[in-house]
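Here is the structure we will look at.
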Amino acid sequence: MDRTGTEPHGPAGPTASAERRPRVFSGVQPSGDLHLGTYLGALRPWTERQDARENVFCVVDLHAITVPEAIDPARLRDKCREVAALYLACGIDPDRSTVFVQSHVREHAELAWLLNCTTPLGWLYRMTQFKSKSEGRDSVSVGLLDYPVLQAADILLYDTDLVPVGEDQVQHVELTRDIAGRFNRLFGDTFRLPKAEIPKSGARVMGFDDPEVKMSKSLARERDRHAVPLLADEKRIKKTVMSAVTDSGREFRPEHAGPGVRNLLGVHASLTGDAVDELAERFAGGGYGDLKKAVLGAILDALGPIQERYRELADDPAELDAILAKGAERARTTAAETMARASAAIGVGA
Ligand code: TRP
């Protein structure tokens with residue numbers, strides 16, 4: 001038996017994989033507002049490779065309840081639909097990609113249990129995200145510690161090859177490999193070992209108020225000049241972009257461009273397809289206001305059609321429900337196969 005776990009087999013195993021396209025799984029939590037950084041760093045690159053890959057995109061609501069103090073049940077449901085609708089509005093095509101909500105496919109929680117039983121507790125205590133999220137709290141839920149095991153279940157259920165994630169999630173994908181490898185060693189080859197896929201550095205959007213840090217949902221909650229939410233109105237976007245941190249001095253000098261200016265150029269380039277050097281030349285010698293106005297224009301042009309498609313979906317809840325039901329059904333087919341294989345390997349299940 002191949003015990004490396006890289007080529008799992010078994011009756012329902014992913015043996016047909018030799019010919020299939022690389023399978024991709026990724027997820028976004030339905031908490032906070034999706035912003036320009038999520039679009040340029042995740043959603044847009046996902047849409048661009050829809051034909052080259054088999055994509056599974058999930059709204060991970062079970063991960064969003066690991067901090068129980070933050071749960072607002074009605075809001076959670078709305079946010080799930082919002083994230084799903086934004087996936088679609090940004091160009092993820094439900095006919096070519098599987099789009100669904102994590103809690104609609106029970107196998108995620110079910111596989112997480114099996115993996116809980118084979119994962120040493122020490123591995124979880126080492127996760128930097130757990131350390132930072134639990135820091136300073138009197139009490140944290142078991143779920144917060146267990147979060148990466150659920151993430152491993154998400155990934156492993158679909159025999160995933162690639163997991164496109166930001167730098168901050170690489171440790172969780174590495175852990176997923178360890179969890180899968182250990183299960184395979186203990187109970188025979190069951191899971192395929194995935195790899196993280198990190199976006200090019202150019203795809204990284206930094207905070208407009210603080211270009212040293214990546215644009216993030218959690219910082220956006222505290223500071224309204226940090227991020228551009230994908231669903232923000234023009235006034236709000238203008239306020240954020242026009243107050244973006246640039247360099248001192250009045251005039252844009254490309255040779256001295258600091259992180260704020262480089263971020264603005266990067267966002268413009270990423271949205272319009274113009275080269276950064278060419279943009280730098282175009283705005284050289286002018287005021288920062290001109291550069292910001294151009295960036296604002298590029299953002300509004302890009303978000304306009306996305307917001308329009310979003311509104312159409314938001315106005316037709318039945319359509320969105322149908323898409324998510326179909327997505328869950330499709331996801332379940334693969335998830336149930338993997339679940340049956342893992343259950344059989346460990347000796348549970350009918
Ligand atoms: N933990 C991820 C994040 O916060 C979200 C996530 C959950 C995820 N399950 C996943 C990402 C599986 C990739 C694959 O960004």
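Numbering starts fresh at 1 for the residues of each chain in the structure tokens, the chains themselves are lettered A, B, ... in the order given, and ligands are numbered from 1 as they appear.
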Would you mind listing, for every residue of region 95-120 of chain A within 12 Å of region 180-184 of chain A, the two atoms forming the shortest contact and the distance between them in Å to one decimal, using only C-alpha atoms, sorted by chain and ascending residue number, as a Markdown table?
```
| residue | atom | partner | partner_atom | distance |
| --- | --- | --- | --- | --- |
| A:Leu111 | CA | A:Ala180 | CA | 11.5 |
| A:Ala112 | CA | A:Ala180 | CA | 11.6 |
| A:Leu114 | CA | A:Phe183 | CA | 9.3 |
| A:Leu115 | CA | A:Phe183 | CA | 7.6 |
| A:Asn116 | CA | A:Phe183 | CA | 10.5 |
| A:Cys117 | CA | A:Phe183 | CA | 9.7 |
| A:Thr118 | CA | A:Phe183 | CA | 6.5 |
| A:Thr119 | CA | A:Arg182 | CA | 7.9 |
| A:Pro120 | CA | A:Arg182 | CA | 9.9 |
```
Write as a PyMOL selection string the residues around ligand 1, taking 7 Å as the cut-off and counting only C-alpha atoms and all ligand atoms. chain A and resi 25-29+60+63+151-152+154-155+163-165+169
When DSSP is applied to the backbone of this structure, which of region 167-259 of chain A are assigned alpha helix (DSSP H)? Write them out as a ChimeraX atom specification. /A:170-187,217-222,234-242,259
In Å, rounded to a single decimal, give me how far CA of Val228 (chain A) is from CA of Leu36 (chain A). 5.6 Å
Pick from A:Gly249, A:Gly297, A:Pro148, A:Pro94: nearest to Thr66 (chain A), with only C-alpha atoms counted?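 That would be A:Pro148, the residue with the smallest distance to Thr66 (chain A).
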Set out as CSV a contact list for region 195-280 of chain A and region 37-49 of chain A with a cut-off of 7 Å, giving each residue of region 195-280 of chain A that qualifies its closest atom pair and distance in Å to one decimal, counting only C-alpha atoms, ordered by chain and rising residue number.
```
residue,atom,partner,partner_atom,distance
A:Pro199,CA,A:Gly41,CA,6.4
A:Ala203,CA,A:Gly41,CA,4.9
A:Arg204,CA,A:Gly41,CA,5.8
A:Val205,CA,A:Gly37,CA,5.0
A:Met215,CA,A:Gly37,CA,5.8
```
Using C-alpha atoms, can you export the residues from the last selection as a short mmCIF file (atom, residue, chain, number, x, y, z; two decimals), in the first residue's frame?
```
data_model
loop_
_atom_site.label_atom_id
_atom_site.label_comp_id
_atom_site.auth_asym_id
_atom_site.auth_seq_id
_atom_site.Cartn_x
_atom_site.Cartn_y
_atom_site.Cartn_z
CA PRO A 199 -1.33 34.81 -4.31
CA ALA A 203 -2.31 40.76 -5.47
CA ARG A 204 -1.91 41.86 -1.87
CA VAL A 205 -3.89 44.98 -1.08
CA MET A 215 -6.30 45.06 4.25
#
```
Of the residues A:Thr338, A:Gln102, A:Gln307, A:Thr246, which is the one nearest to Leu86 (chain A), using only C-alpha atoms? A:Gln307
When you count only C-alpha atoms, which of these residues is closest to Val67 (chain A): A:Arg53, A:Arg20, A:Gly143, A:Ala85?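 Residue with the minimum atom-to-atom distance to Val67 (chain A): A:Gly143.
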Using only C-alpha atoms, which of A:Arg75, A:Lys200, A:Lys214, A:Arg225 sits nearest Asp168 (chain A)?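 The closest residue to Asp168 (chain A) is A:Lys214.
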DSSP on the backbone, strand (DSSP E or B) only: what residues of region 91-270 of chain A does that give? Format it as a ChimeraX atom specification. /A:97-101,162-164,195-197,206,214,229,251
